[in-house]
$ cat coords39.cif   # mmCIF, C-alpha atoms
data_run
#
loop_
_atom_site.label_atom_id
_atom_site.label_comp_id
_atom_site.auth_asym_id
_atom_site.auth_seq_id
_atom_site.Cartn_x
_atom_site.Cartn_y
_atom_site.Cartn_z
CA MET I 1 5.14 -3.51 18.70
CA ALA I 2 2.13 -2.15 20.49
CA ASP I 3 2.30 0.96 18.34
CA SER I 4 2.46 -0.91 15.06
CA THR I 5 -0.46 -3.11 16.10
CA HIS I 6 -2.35 0.06 16.75
CA ILE I 7 -1.53 1.42 13.29
CA GLN I 8 -2.53 -1.82 11.57
CA LEU I 9 -5.82 -1.86 13.41
CA LYS I 10 -6.52 1.74 12.57
CA LYS I 11 -5.78 1.21 8.88
CA GLY I 12 -8.25 -1.64 8.66
CA ILE I 13 -10.87 0.20 10.59
CA LEU I 14 -10.41 3.35 8.54
CA GLU I 15 -11.96 1.80 5.46
CA LEU I 16 -14.91 0.60 7.50
CA CYS I 17 -15.33 4.14 8.85
CA VAL I 18 -15.19 5.73 5.40
CA LEU I 19 -17.75 3.25 4.07
CA THR I 20 -19.99 4.00 7.03
CA LEU I 21 -19.73 7.77 6.63
CA LEU I 22 -20.51 7.53 2.93
CA ALA I 23 -23.47 5.28 3.62
CA GLU I 24 -24.91 8.13 5.71
CA LYS I 25 -24.37 10.74 3.01
CA ASP I 26 -22.14 11.61 0.07
CA SER I 27 -19.11 13.57 1.13
CA TYR I 28 -15.87 15.15 -0.10
CA GLY I 29 -12.28 14.62 0.93
CA TYR I 30 -11.84 17.40 3.42
CA GLN I 31 -15.10 16.64 5.20
CA ILE I 32 -14.26 12.94 5.46
CA THR I 33 -10.75 13.55 6.75
CA SER I 34 -11.91 16.10 9.31
CA ARG I 35 -14.52 13.80 10.76
CA LEU I 36 -12.25 10.78 10.89
CA SER I 37 -9.09 12.33 12.21
CA ASP I 38 -10.97 13.90 15.10
CA ALA I 39 -12.55 10.57 15.91
CA ILE I 40 -9.68 8.11 15.52
CA GLY I 41 -6.55 10.23 15.27
CA MET I 42 -5.22 9.07 11.91
CA ALA I 43 -2.96 11.30 9.84
CA GLU I 44 -5.51 13.05 7.62
CA GLY I 45 -3.42 12.54 4.51
CA THR I 46 -3.85 8.77 4.59
CA VAL I 47 -7.54 9.09 3.77
CA TYR I 48 -6.76 10.18 0.21
CA PRO I 49 -4.76 7.07 -0.75
CA LEU I 50 -7.58 5.02 0.75
CA LEU I 51 -10.27 6.90 -1.21
CA ARG I 52 -8.32 6.31 -4.42
CA LYS I 53 -8.00 2.62 -3.64
CA MET I 54 -11.72 2.41 -2.92
CA GLN I 55 -12.48 4.18 -6.18
CA LYS I 56 -10.34 1.73 -8.13
CA ASP I 57 -12.00 -1.14 -6.31
CA GLU I 58 -15.29 0.44 -7.47
CA LEU I 59 -16.57 0.76 -3.94
CA VAL I 60 -17.10 4.48 -4.45
CA ASP I 61 -17.93 6.76 -7.36
CA THR I 62 -17.16 10.44 -7.64
CA TYR I 63 -18.94 13.47 -9.02
CA LEU I 64 -18.20 17.19 -9.04
CA THR I 65 -20.40 19.87 -7.49
CA ASP I 66 -19.92 23.61 -7.26
CA SER I 67 -19.05 24.90 -3.82
CA ASP I 68 -19.93 28.33 -2.44
CA SER I 69 -16.29 29.06 -1.81
CA GLY I 70 -13.57 28.13 -4.26
CA PRO I 71 -13.30 25.37 -6.86
CA PRO I 72 -15.82 22.55 -7.40
CA ARG I 73 -15.79 19.76 -4.83
CA ARG I 74 -15.25 16.14 -5.70
CA TYR I 75 -17.91 14.16 -3.86
CA PHE I 76 -17.68 10.47 -3.13
CA LYS I 77 -20.68 8.18 -3.04
CA LEU I 78 -21.03 4.49 -2.29
CA THR I 79 -21.64 2.10 -5.15
CA LYS I 80 -23.65 -1.11 -4.84
CA ALA I 81 -20.37 -2.95 -4.37
CA GLY I 82 -19.47 -0.44 -1.69
CA GLN I 83 -22.69 -1.18 0.16
CA ARG I 84 -21.97 -4.89 -0.01
CA ALA I 85 -18.42 -4.30 1.20
CA LEU I 86 -19.76 -2.27 4.09
CA ALA I 87 -22.09 -5.09 5.13
CA ALA I 88 -19.27 -7.63 4.88
CA LYS I 89 -16.84 -5.45 6.79
CA ARG I 90 -19.32 -4.75 9.54
CA ALA I 91 -19.81 -8.48 9.95
CA GLU I 92 -16.05 -9.04 10.04
CA TRP I 93 -15.62 -6.23 12.50
CA LYS I 94 -18.24 -7.75 14.78
CA ALA I 95 -16.50 -11.12 14.62
CA PHE I 96 -13.20 -9.41 15.38
CA LYS I 97 -14.67 -7.59 18.35
CA ALA I 98 -16.11 -10.82 19.68
CA ALA I 99 -12.75 -12.57 19.29
CA LEU I 100 -11.03 -9.72 21.10
CA ALA I 101 -13.57 -9.81 23.90
CA ASP I 102 -12.81 -13.51 24.27
CA ILE I 103 -9.12 -12.82 24.67
CA LEU I 104 -9.22 -9.63 26.68
CA GLY I 105 -12.25 -10.34 28.76
CA ASP I 106 -15.68 -8.83 28.48
CA ASP I 107 -14.81 -5.75 30.51
CA GLU I 108 -12.69 -4.38 27.66
CA MET B 109 6.69 22.63 6.75
CA SER B 110 4.93 24.97 4.34
CA ARG B 111 2.19 24.01 1.93
CA ALA B 112 4.59 24.56 -0.98
CA LEU B 113 7.19 22.23 0.52
CA PHE B 114 4.55 19.60 1.30
CA MET B 115 3.33 19.66 -2.30
CA ALA B 116 6.89 19.59 -3.65
CA LYS B 117 7.74 16.53 -1.55
CA LEU B 118 4.51 14.84 -2.53
CA LYS B 119 5.20 15.41 -6.24
CA GLU B 120 8.75 14.20 -5.82
CA GLY B 121 7.45 10.99 -4.27
CA LEU B 122 4.92 10.48 -7.06
CA ALA B 123 7.38 10.97 -9.91
CA GLY B 124 7.14 8.13 -12.42
CA LEU B 125 3.39 7.61 -12.07
CA PRO B 126 1.28 8.54 -15.12
CA GLN B 127 0.82 12.31 -15.30
CA PRO B 128 -3.02 12.32 -15.17
CA GLU B 129 -2.85 10.32 -11.97
CA ILE B 130 -0.31 12.69 -10.43
CA ASP B 131 -2.51 15.64 -11.42
CA GLU B 132 -5.54 14.10 -9.72
CA ILE B 133 -3.67 13.32 -6.52
CA VAL B 134 -2.12 16.77 -6.42
CA SER B 135 -5.54 18.30 -6.96
CA ASP B 136 -6.97 16.28 -4.03
CA TYR B 137 -4.38 17.71 -1.65
CA GLU B 138 -4.61 21.23 -3.12
CA HIS B 139 -8.35 21.10 -2.46
CA HIS B 140 -7.68 19.91 1.04
CA PHE B 141 -5.45 22.93 1.69
CA ALA B 142 -8.04 25.28 0.18
CA GLU B 143 -10.88 23.84 2.28
CA ALA B 144 -8.77 23.91 5.43
CA ALA B 145 -7.79 27.53 4.79
CA ALA B 146 -11.46 28.42 4.30
CA ALA B 147 -12.19 26.73 7.63
CA GLY B 148 -9.56 28.92 9.27
CA GLN B 149 -6.80 26.34 9.77
CA SER B 150 -3.22 27.52 9.51
CA GLU B 151 -0.97 26.07 6.84
CA ASP B 152 1.42 24.55 9.39
CA ASP B 153 -1.45 22.93 11.19
CA VAL B 154 -2.86 21.43 7.99
CA VAL B 155 0.54 20.05 7.02
CA ALA B 156 1.06 18.54 10.47
CA ARG B 157 -2.34 16.86 10.33
CA LEU B 158 -1.84 15.49 6.83
CA GLY B 159 1.32 13.59 7.76
CA ASP B 160 4.59 12.94 5.99
CA PRO B 161 4.19 13.65 2.23
CA ALA B 162 6.90 11.16 1.26
CA ARG B 163 5.10 8.39 3.13
CA LEU B 164 1.75 9.40 1.62
CA ALA B 165 3.29 9.30 -1.85
CA GLY B 166 4.59 5.83 -0.99
CA GLU B 167 1.12 4.71 -0.02
CA LEU B 168 -0.36 6.14 -3.20
CA ARG B 169 2.27 4.36 -5.29
CA GLY B 170 1.90 1.11 -3.37
CA GLU B 171 -1.82 1.15 -3.81
CA ARG B 172 -1.39 1.57 -7.56
CA GLU B 173 1.17 -1.21 -7.82
CA GLN B 174 -1.15 -3.57 -6.02
CA GLN B 175 -3.80 -2.71 -8.56
CA VAL B 176 -1.41 -3.46 -11.41
CA ALA B 177 -0.52 -6.78 -9.84
CA ALA B 178 -4.14 -7.60 -9.12
CA ALA B 179 -5.06 -7.33 -12.79
CA ASP B 180 -3.15 -10.53 -13.52
CA GLU B 181 -3.71 -12.82 -10.61
CA PRO B 182 -6.04 -14.45 -8.19
CA ALA B 183 -6.47 -12.63 -4.90
CA PRO B 184 -3.64 -13.33 -2.48
CA PRO B 185 -4.50 -15.63 0.38
CA ALA B 186 -5.46 -13.98 3.63
CA PRO B 187 -2.28 -13.51 5.62
CA SER B 188 -3.85 -15.20 8.63
CA SER B 189 -3.36 -18.59 6.97
CA GLY B 190 0.37 -18.08 7.13
CA ALA B 191 0.46 -16.43 10.51
CA ARG B 192 1.29 -18.77 13.31
CA ALA B 193 -0.73 -17.20 16.04
CA ASN B 194 1.58 -17.31 18.96
CA GLY B 195 -0.14 -16.48 22.18
CA ARG B 196 -2.33 -13.47 22.58
CA LEU B 197 -0.23 -10.93 20.78
CA GLY B 198 0.25 -13.23 17.81
CA LEU B 199 -3.46 -13.75 17.51
CA LEU B 200 -4.11 -10.06 17.86
CA LEU B 201 -1.62 -9.31 15.10
CA ALA B 202 -3.11 -12.00 12.90
CA LEU B 203 -6.53 -10.50 13.40
CA ALA B 204 -5.23 -7.03 12.68
CA ALA B 205 -3.65 -8.37 9.51
CA VAL B 206 -6.94 -9.97 8.48
CA ILE B 207 -8.74 -6.70 8.89
CA GLY B 208 -6.03 -4.59 7.32
CA VAL B 209 -4.83 -6.76 4.50
CA GLY B 210 -7.33 -9.59 4.24
CA MET B 211 -10.09 -7.17 3.48
CA ALA B 212 -8.14 -5.79 0.59
CA ALA B 213 -7.92 -9.36 -0.67
CA TYR B 214 -11.62 -9.71 -0.19
CA HIS B 215 -12.34 -6.72 -2.39
CA LEU B 216 -9.93 -7.82 -5.05
CA ALA B 217 -11.54 -11.25 -5.04
CA GLY B 218 -14.85 -9.61 -5.75
CA HIS B 219 -13.47 -8.26 -8.98
CA ASP B 220 -11.56 -11.16 -10.31
CA GLY B 221 -13.27 -14.45 -10.99
CA ARG B 222 -10.25 -16.12 -12.53
CA SER B 223 -8.93 -18.85 -10.33
CA SER B 224 -5.39 -19.08 -11.58
CA SER B 225 -3.12 -17.54 -14.10
CA PRO B 226 0.22 -18.74 -15.36
CA ALA B 227 3.41 -16.86 -14.73
CA LEU B 228 3.69 -14.28 -17.43
CA ILE B 229 7.22 -13.70 -18.49
CA ALA B 230 7.64 -10.56 -20.49
CA PRO B 231 10.34 -10.69 -23.14
CA PRO B 232 13.38 -8.73 -22.02
CA ALA B 233 13.19 -5.20 -23.34
CA PRO B 234 16.21 -3.65 -25.01
CA PRO B 235 18.46 -1.84 -22.56
CA ALA B 236 16.68 1.30 -21.44
CA PRO B 237 18.32 4.72 -21.42
CA PRO B 238 19.12 5.84 -17.88
CA ALA B 239 16.37 8.44 -17.77
CA ALA B 240 13.57 6.02 -18.68
CA PRO B 241 10.99 5.09 -16.03
CA PRO B 242 11.51 1.75 -14.26
CA ALA B 243 8.63 0.11 -16.11
CA SER B 244 10.56 0.07 -19.36
CA GLY B 245 12.61 -2.99 -18.41
CA ALA B 246 11.51 -6.59 -18.25
CA ARG B 247 8.47 -7.15 -16.11
CA ILE B 248 7.68 -10.52 -14.61
CA VAL B 249 4.54 -11.54 -12.80
CA ILE B 250 4.63 -14.61 -10.57
CA SER B 251 1.33 -15.54 -9.02
CA GLY B 252 -0.70 -18.28 -7.43
CA GLY B 253 1.95 -20.03 -5.40
CA GLN B 254 4.33 -20.66 -8.28
CA VAL B 255 8.03 -21.16 -7.82
CA LEU B 256 10.28 -19.61 -10.41
CA ASP B 257 14.02 -19.64 -10.71
CA LEU B 258 14.95 -16.76 -12.97
CA GLY B 259 18.50 -18.06 -13.28
CA ALA B 260 21.31 -15.67 -14.10
CA ILE B 261 20.17 -12.23 -15.10
CA SER B 262 22.16 -9.52 -16.78
CA GLN B 263 20.31 -6.42 -17.84
CA GLU B 264 19.51 -2.83 -17.01
CA ARG B 265 16.25 -3.08 -15.20
CA ILE B 266 13.91 -5.73 -14.03
CA GLU B 267 10.57 -5.47 -12.30
CA ILE B 268 9.05 -8.42 -10.51
CA LEU B 269 5.55 -8.75 -9.12
CA LEU B 270 5.23 -11.65 -6.74
CA ASP B 271 1.87 -12.69 -5.49
CA GLY B 272 -0.20 -15.11 -3.54
CA GLY B 273 2.54 -17.22 -2.00
CA GLY B 274 4.81 -17.42 -5.04
CA ARG B 275 8.55 -17.85 -4.69
CA ALA B 276 11.33 -16.51 -6.86
CA THR B 277 15.10 -16.73 -6.95
CA ALA B 278 17.60 -15.08 -9.24
CA LYS B 279 21.26 -14.27 -9.48
CA GLY B 280 23.45 -12.14 -11.72
CA ARG B 281 23.49 -8.40 -12.06
CA VAL B 282 21.06 -5.58 -12.84
CA ALA B 283 21.31 -1.84 -12.55
CA GLU B 284 17.86 -1.48 -11.06
CA LEU B 285 15.62 -4.05 -9.42
CA THR B 286 12.01 -3.31 -8.57
CA LEU B 287 10.24 -5.92 -6.51
CA HIS B 288 6.61 -5.96 -5.36
CA ILE B 289 5.47 -8.68 -3.00
CA ASP B 290 1.82 -9.03 -2.20
CA GLY B 291 0.50 -11.67 0.13
CA SER B 292 2.92 -14.25 1.45
CA GLY B 293 5.41 -14.38 -1.43
CA SER B 294 9.08 -14.96 -0.91
CA ALA B 295 11.94 -13.64 -3.03
CA ASP B 296 15.54 -14.73 -2.70
CA PHE B 297 17.51 -12.17 -4.68
CA GLY B 298 20.52 -12.00 -2.40
CA ALA B 299 22.73 -13.22 -5.25
CA LEU B 300 21.37 -10.68 -7.72
CA GLN B 301 23.73 -7.72 -7.53
CA ALA B 302 21.90 -4.44 -8.10
CA ASP B 303 22.88 -0.81 -7.86
CA ILE B 304 19.40 0.36 -7.03
CA VAL B 305 16.66 -1.71 -5.41
CA HIS B 306 13.05 -0.75 -4.76
CA VAL B 307 11.12 -3.26 -2.69
CA ASP B 308 7.60 -3.07 -1.41
CA VAL B 309 5.96 -5.77 0.62
CA SER B 310 2.27 -5.85 1.53
CA GLY B 311 1.24 -8.71 3.74
CA THR B 312 3.52 -11.32 5.20
CA GLY B 313 6.01 -11.71 2.35
CA ASN B 314 9.75 -11.67 2.70
CA ALA B 315 12.66 -10.79 0.48
CA GLU B 316 16.41 -10.85 0.42
CA VAL B 317 18.03 -8.30 -1.87
CA SER B 318 21.44 -6.92 -2.58
CA GLY B 319 21.76 -3.25 -3.52
CA THR B 320 24.94 -1.24 -3.34
CA GLN B 321 23.86 2.34 -4.03
CA LEU B 322 20.27 2.86 -3.04
CA VAL B 323 17.79 0.54 -1.40
CA ASP B 324 14.28 1.84 -1.00
CA VAL B 325 12.01 -0.36 1.13
CA THR B 326 8.30 0.04 1.84
CA ILE B 327 6.62 -2.51 4.09
CA LEU B 328 2.93 -2.60 4.90
CA GLY B 329 2.15 -5.41 7.28
CA SER B 330 4.48 -7.98 8.76
CA GLY B 331 6.86 -8.52 5.83
CA THR B 332 10.61 -8.83 6.19
CA VAL B 333 13.25 -7.43 3.87
CA ARG B 334 16.79 -8.62 4.46
CA LEU B 335 19.68 -6.74 2.88
CA LYS B 336 22.71 -8.71 1.78
CA ASP B 337 24.87 -5.59 1.55
CA ARG B 338 24.84 -2.22 3.20
CA PRO B 339 23.74 0.25 0.52
CA LYS B 340 25.11 3.78 0.45
CA THR B 341 21.59 5.05 0.93
CA LEU B 342 18.77 3.20 2.63
CA ARG B 343 15.24 4.57 2.61
CA GLN B 344 12.65 2.70 4.56
CA SER B 345 9.03 3.10 5.41
CA VAL B 346 7.50 0.41 7.59
CA THR B 347 3.85 0.41 8.57
CA GLY B 348 2.95 -2.53 10.76
CA SER B 349 5.22 -5.06 12.39
CA GLY B 350 7.44 -5.60 9.34
CA GLN B 351 11.17 -5.13 9.50
CA VAL B 352 14.24 -4.34 7.47
CA ILE B 353 17.26 -6.40 8.46
CA LEU B 354 20.71 -5.07 7.70
CA PRO B 355 23.84 -7.22 7.48
CA ALA B 356 26.12 -7.17 10.51
CA LYS B 357 28.77 -4.47 10.41
CA PRO B 358 32.11 -5.87 9.17
#
$ encode --input "coords39.cif" --output "structure tokens"
Amino acid sequence: MADSTHIQLKKGILELCVLTLLAEKDSYGYQITSRLSDAIGMAEGTVYPLLRKMQKDELVDTYLTDSDSGPPRRYFKLTKAGQRALAAKRAEWKAFKAALADILGDDE
Amino acid sequence: MSRALFMAKLKEGLAGLPQPEIDEIVSDYEHHFAEAAAAGQSEDDVVARLGDPARLAGELRGEREQQVAAADEPAPPAPSSGARANGRLGLLLALAAVIGVGMAAYHLAGHDGRSSSPALIAPPAPPAPPAAPPASGARIVISGGQVLDLGAISQERIEILLDGGGRATAKGRVAELTLHIDGSGSADFGALQADIVHVDVSGTGNAEVSGTQLVDVTILGSGTVRLKDRPKTLRQSVTGSGQVILPAKP
């Protein structure tokens, strides 16, 4: 149970993280997965389904750029809707953190 | 697992999706391998970090099916409304569900201004040849808290999308049943005899199904899928606190 809670939490937070990273700068799949999996220990592969979902939700757009090594890279960038979603998610995350602090105590 | 085996398993899991979509997904992962190799990572290491390809394919399919369902319906209610927060853990789970699933609802809501849509009942398609993709049978969308009794069914394939707290019951016999539940829907198909059943539940929905040959269950969230019979083959992928309940051994 504790494990599955952990997974659920991570899944929700993952989208917030991707939105945040893309708000900093446009990025491509491998770069996003590398940064996130180091930080929060998700299976790297799960970022791609999420990116596709976000693209269909029109939170991100993609464009191709040549890379120095190998084939062109598909970059992701935030759309206006993505920026709004980021703001909304940050607010929700803050509320969630506050609710958790209430339950667990402020020292958590 | 090698890169080749990872890609083979991924493709196997994606079979049935439109080809351009498969190509794009495959290209995403091929790029990932190429970038990782350029960064000096070993193939085994990359595969281990990517995770189980069958589960990833399931996620990619599930995500697409939710999109298909979303095109015809209001956003499902946030699962927290149905969750009876029971002590600390219950509340924690409810909150996790809000973040994980509720936010998806939030984004969908942003795209769809329609407040309600009637149940769309597709006319039954002529019996499909065995090799045809599952979508070629009848497809029924039940949304917005509707209750629908499909009565007695007798056909090759049926696909049902259940959304936003809807309920459905059916009996009879089909070769292949595909059931998507999004939100807090409930499906009682225990009396619908099927050879092959695919069920995916996102959110807090629950289903009872009866499949004799193959039952393939994907749960994201706290959904429950109860099996009336023990199938010859059971495949399950559960992410979250959901569960698959098998009948007691005779």
$ atom_distance --input "coords39.cif" --atom1 "atom CA of Asp153 of chain B" --atom2 "atom CA of Ile32 of chain I"
17.2 Å
$ closest_residue --input "coords39.cif" --among "I:Thr20, I:Thr46, I:Gln31, I:Ser37" --to "Val60 of chain I" --atoms "all atoms listed in the file"
I:Thr20
$ resolve_selection --input "coords39.cif" --expression "the PyMOL selection byres ((chain I and resi 28) around 10)" --output "PyMOL selection string"
(chain I and resi 22+26-27+29-33+62-65+73-77) or (chain B and resi 136+139-140)
$ write_last_selection --input "coords39.cif" --atoms "C-alpha atoms" --output "PDB file, keeping the file's coordinate frame"
ATOM      1  CA  LEU I  22     -20.510   7.530   2.930  1.00  0.00           C
ATOM      2  CA  ASP I  26     -22.140  11.610   0.070  1.00  0.00           C
ATOM      3  CA  SER I  27     -19.110  13.570   1.130  1.00  0.00           C
ATOM      4  CA  GLY I  29     -12.280  14.620   0.930  1.00  0.00           C
ATOM      5  CA  TYR I  30     -11.840  17.400   3.420  1.00  0.00           C
ATOM      6  CA  GLN I  31     -15.100  16.640   5.200  1.00  0.00           C
ATOM      7  CA  ILE I  32     -14.260  12.940   5.460  1.00  0.00           C
ATOM      8  CA  THR I  33     -10.750  13.550   6.750  1.00  0.00           C
ATOM      9  CA  THR I  62     -17.160  10.440  -7.640  1.00  0.00           C
ATOM     10  CA  TYR I  63     -18.940  13.470  -9.020  1.00  0.00           C
ATOM     11  CA  LEU I  64     -18.200  17.190  -9.040  1.00  0.00           C
ATOM     12  CA  THR I  65     -20.400  19.870  -7.490  1.00  0.00           C
ATOM     13  CA  ARG I  73     -15.790  19.760  -4.830  1.00  0.00           C
ATOM     14  CA  ARG I  74     -15.250  16.140  -5.700  1.00  0.00           C
ATOM     15  CA  TYR I  75     -17.910  14.160  -3.860  1.00  0.00           C
ATOM     16  CA  PHE I  76     -17.680  10.470  -3.130  1.00  0.00           C
ATOM     17  CA  LYS I  77     -20.680   8.180  -3.040  1.00  0.00           C
TER      18      LYS I  77
ATOM     19  CA  ASP B 136      -6.970  16.280  -4.030  1.00  0.00           C
ATOM     20  CA  HIS B 139      -8.350  21.100  -2.460  1.00  0.00           C
ATOM     21  CA  HIS B 140      -7.680  19.910   1.040  1.00  0.00           C
TER      22      HIS B 140
END
$ closest_atom_pairs --input "coords39.cif" --of "segment 265-300 of chain B" --to "segment 321-334 of chain B" --cutoff "9 Å" --atoms "all atoms listed in the file" --output "CSV"
residue,atom,partner,partner_atom,distance
B:Ile289,CA,B:Gly331,CA,8.9
B:Ser292,CA,B:Gly331,CA,8.2
B:Gly298,CA,B:Arg334,CA,8.5
$ atom_distance --input "coords39.cif" --atom1 "atom CA of His306 of chain B" --atom2 "atom CA of Ile130 of chain B"
19.8 Å
$ closest_atom_pairs --input "coords39.cif" --of "chain I" --to "chain B" --cutoff "10 Å" --atoms "only C-alpha atoms" --output "tab-separated table"
residue	atom	partner	partner_atom	distance
I:Met1	CA	B:Ser349	CA	6.5
I:Ala2	CA	B:Leu197	CA	9.1
I:Asp3	CA	B:Gly348	CA	8.4
I:Ser4	CA	B:Gly348	CA	4.6
I:Thr5	CA	B:Gly348	CA	6.4
I:His6	CA	B:Gly348	CA	8.4
I:Ile7	CA	B:Gly348	CA	6.5
I:Gln8	CA	B:Gly348	CA	5.6
I:Leu9	CA	B:Ala204	CA	5.3
I:Lys10	CA	B:Gly208	CA	8.2
I:Lys11	CA	B:Gly208	CA	6.0
I:Gly12	CA	B:Gly208	CA	3.9
I:Ile13	CA	B:Ile207	CA	7.4
I:Leu14	CA	B:Gly208	CA	9.1
I:Glu15	CA	B:Gly208	CA	8.9
I:Leu16	CA	B:Ile207	CA	9.7
I:Tyr28	CA	B:His140	CA	9.5
I:Gly29	CA	B:His140	CA	7.0
I:Tyr30	CA	B:His140	CA	5.4
I:Gln31	CA	B:Glu143	CA	8.8
I:Thr33	CA	B:His140	CA	9.1
I:Ser34	CA	B:Ala144	CA	9.3
I:Ser37	CA	B:Arg157	CA	8.3
I:Gly41	CA	B:Arg157	CA	9.3
I:Met42	CA	B:Arg157	CA	8.5
I:Ala43	CA	B:Leu158	CA	5.3
I:Glu44	CA	B:Leu158	CA	4.5
I:Gly45	CA	B:Leu158	CA	4.1
I:Thr46	CA	B:Leu164	CA	6.4
I:Val47	CA	B:Leu158	CA	9.1
I:Tyr48	CA	B:Asp136	CA	7.4
I:Pro49	CA	B:Leu168	CA	5.1
I:Leu50	CA	B:Glu171	CA	8.3
I:Arg52	CA	B:Leu168	CA	8.1
I:Lys53	CA	B:Glu171	CA	6.4
I:Met54	CA	B:His215	CA	9.2
I:Lys56	CA	B:Gln175	CA	7.9
I:Asp57	CA	B:His215	CA	6.8
I:Glu58	CA	B:His219	CA	9.0
I:Leu59	CA	B:His215	CA	8.7
I:Ser69	CA	B:Ala146	CA	7.8
I:Gly70	CA	B:Ala142	CA	7.6
I:Pro71	CA	B:His139	CA	7.9
I:Pro72	CA	B:His139	CA	9.1
I:Arg73	CA	B:His139	CA	7.9
I:Arg74	CA	B:Asp136	CA	8.4
I:Ala81	CA	B:Gly218	CA	8.8
I:Gly82	CA	B:His215	CA	9.5
I:Ala85	CA	B:His215	CA	7.5
I:Ala88	CA	B:Met211	CA	9.3
I:Lys89	CA	B:Met211	CA	7.7
I:Glu92	CA	B:Ile207	CA	7.8
I:Trp93	CA	B:Ile207	CA	7.8
I:Phe96	CA	B:Leu203	CA	7.0
I:Lys97	CA	B:Leu203	CA	10.0
I:Ala99	CA	B:Leu203	CA	8.8
I:Leu100	CA	B:Leu200	CA	7.6
I:Ile103	CA	B:Arg196	CA	7.1
I:Leu104	CA	B:Arg196	CA	8.9
$ atom_distance --input "coords39.cif" --atom1 "atom CA of Ala112 of chain B" --atom2 "atom CA of Gln127 of chain B"
19.2 Å
$ residues_around --input "coords39.cif" --residues "Glu267 of chain B" --least-positions-apart "3" --cutoff "7 Å" --atoms "only C-alpha atoms" --output "list of chain:residue names"
B:Gly245, B:Ala246, B:Arg247, B:Ile248, B:Leu285, B:Thr286, B:Leu287
$ resolve_selection --input "coords39.cif" --expression "the PyMOL selection byres ((chain B and resi 110) around 9)" --output "PyMOL selection string"
chain B and resi 109+111-115+151-152+155
$ write_last_selection --input "coords39.cif" --atoms "C-alpha atoms" --output "short mmCIF file (atom, residue, chain, number, x, y, z; two decimals), in the frame of the given file"
data_model
loop_
_atom_site.label_atom_id
_atom_site.label_comp_id
_atom_site.auth_asym_id
_atom_site.auth_seq_id
_atom_site.Cartn_x
_atom_site.Cartn_y
_atom_site.Cartn_z
CA MET B 109 6.69 22.63 6.75
CA ARG B 111 2.19 24.01 1.93
CA ALA B 112 4.59 24.56 -0.98
CA LEU B 113 7.19 22.23 0.52
CA PHE B 114 4.55 19.60 1.30
CA MET B 115 3.33 19.66 -2.30
CA GLU B 151 -0.97 26.07 6.84
CA ASP B 152 1.42 24.55 9.39
CA VAL B 155 0.54 20.05 7.02
#
$ resolve_selection --input "coords39.cif" --expression "the PyMOL selection byres ((chain B and resi 290) around 9)" --output "PyMOL selection string"
chain B and resi 174+177+184+269-273+288-289+291-293+308-313
$ closest_residue --input "coords39.cif" --among "I:Arg90, I:Arg84, I:Leu78, I:Asp61" --to "Ala23 of chain I" --atoms "all atoms listed in the file"
I:Leu78
$ decode --input "coords39.cif" --residues "segment 280-290 of chain B" --atoms "N, CA and C atoms" --output "mmCIF file, in the first residue's frame"
data_model
loop_
_atom_site.group_PDB
_atom_site.id
_atom_site.type_symbol
_atom_site.label_atom_id
_atom_site.label_comp_id
_atom_site.auth_asym_id
_atom_site.auth_seq_id
_atom_site.Cartn_x
_atom_site.Cartn_y
_atom_site.Cartn_z
ATOM 1 N N GLY B 280 -25.293 -12.148 -21.850
ATOM 2 C CA GLY B 280 -25.212 -12.748 -23.177
ATOM 3 C C GLY B 280 -23.821 -13.258 -23.443
ATOM 4 N N ARG B 281 -23.398 -13.108 -24.710
ATOM 5 C CA ARG B 281 -22.123 -13.734 -25.077
ATOM 6 C C ARG B 281 -21.438 -12.926 -26.164
ATOM 7 N N VAL B 282 -20.165 -12.679 -26.023
ATOM 8 C CA VAL B 282 -19.353 -12.054 -27.075
ATOM 9 C C VAL B 282 -18.031 -12.798 -27.138
ATOM 10 N N ALA B 283 -17.378 -12.680 -28.293
ATOM 11 C CA ALA B 283 -16.056 -13.291 -28.401
ATOM 12 C C ALA B 283 -15.051 -12.406 -27.663
ATOM 13 N N GLU B 284 -15.182 -11.092 -27.875
ATOM 14 C CA GLU B 284 -14.187 -10.192 -27.321
ATOM 15 C C GLU B 284 -14.842 -8.944 -26.756
ATOM 16 N N LEU B 285 -14.577 -8.691 -25.503
ATOM 17 C CA LEU B 285 -15.118 -7.510 -24.825
ATOM 18 C C LEU B 285 -13.973 -6.571 -24.484
ATOM 19 N N THR B 286 -14.128 -5.308 -24.872
ATOM 20 C CA THR B 286 -13.140 -4.305 -24.497
ATOM 21 C C THR B 286 -13.863 -3.247 -23.682
ATOM 22 N N LEU B 287 -13.357 -2.977 -22.510
ATOM 23 C CA LEU B 287 -14.056 -2.105 -21.576
ATOM 24 C C LEU B 287 -13.088 -1.056 -21.046
ATOM 25 N N HIS B 288 -13.448 0.225 -21.211
ATOM 26 C CA HIS B 288 -12.629 1.295 -20.641
ATOM 27 C C HIS B 288 -13.470 2.012 -19.601
ATOM 28 N N ILE B 289 -12.952 2.148 -18.414
ATOM 29 C CA ILE B 289 -13.680 2.893 -17.387
ATOM 30 C C ILE B 289 -12.795 4.042 -16.931
ATOM 31 N N ASP B 290 -13.388 5.224 -16.980
ATOM 32 C CA ASP B 290 -12.662 6.431 -16.642
ATOM 33 C C ASP B 290 -13.461 7.128 -15.570
#
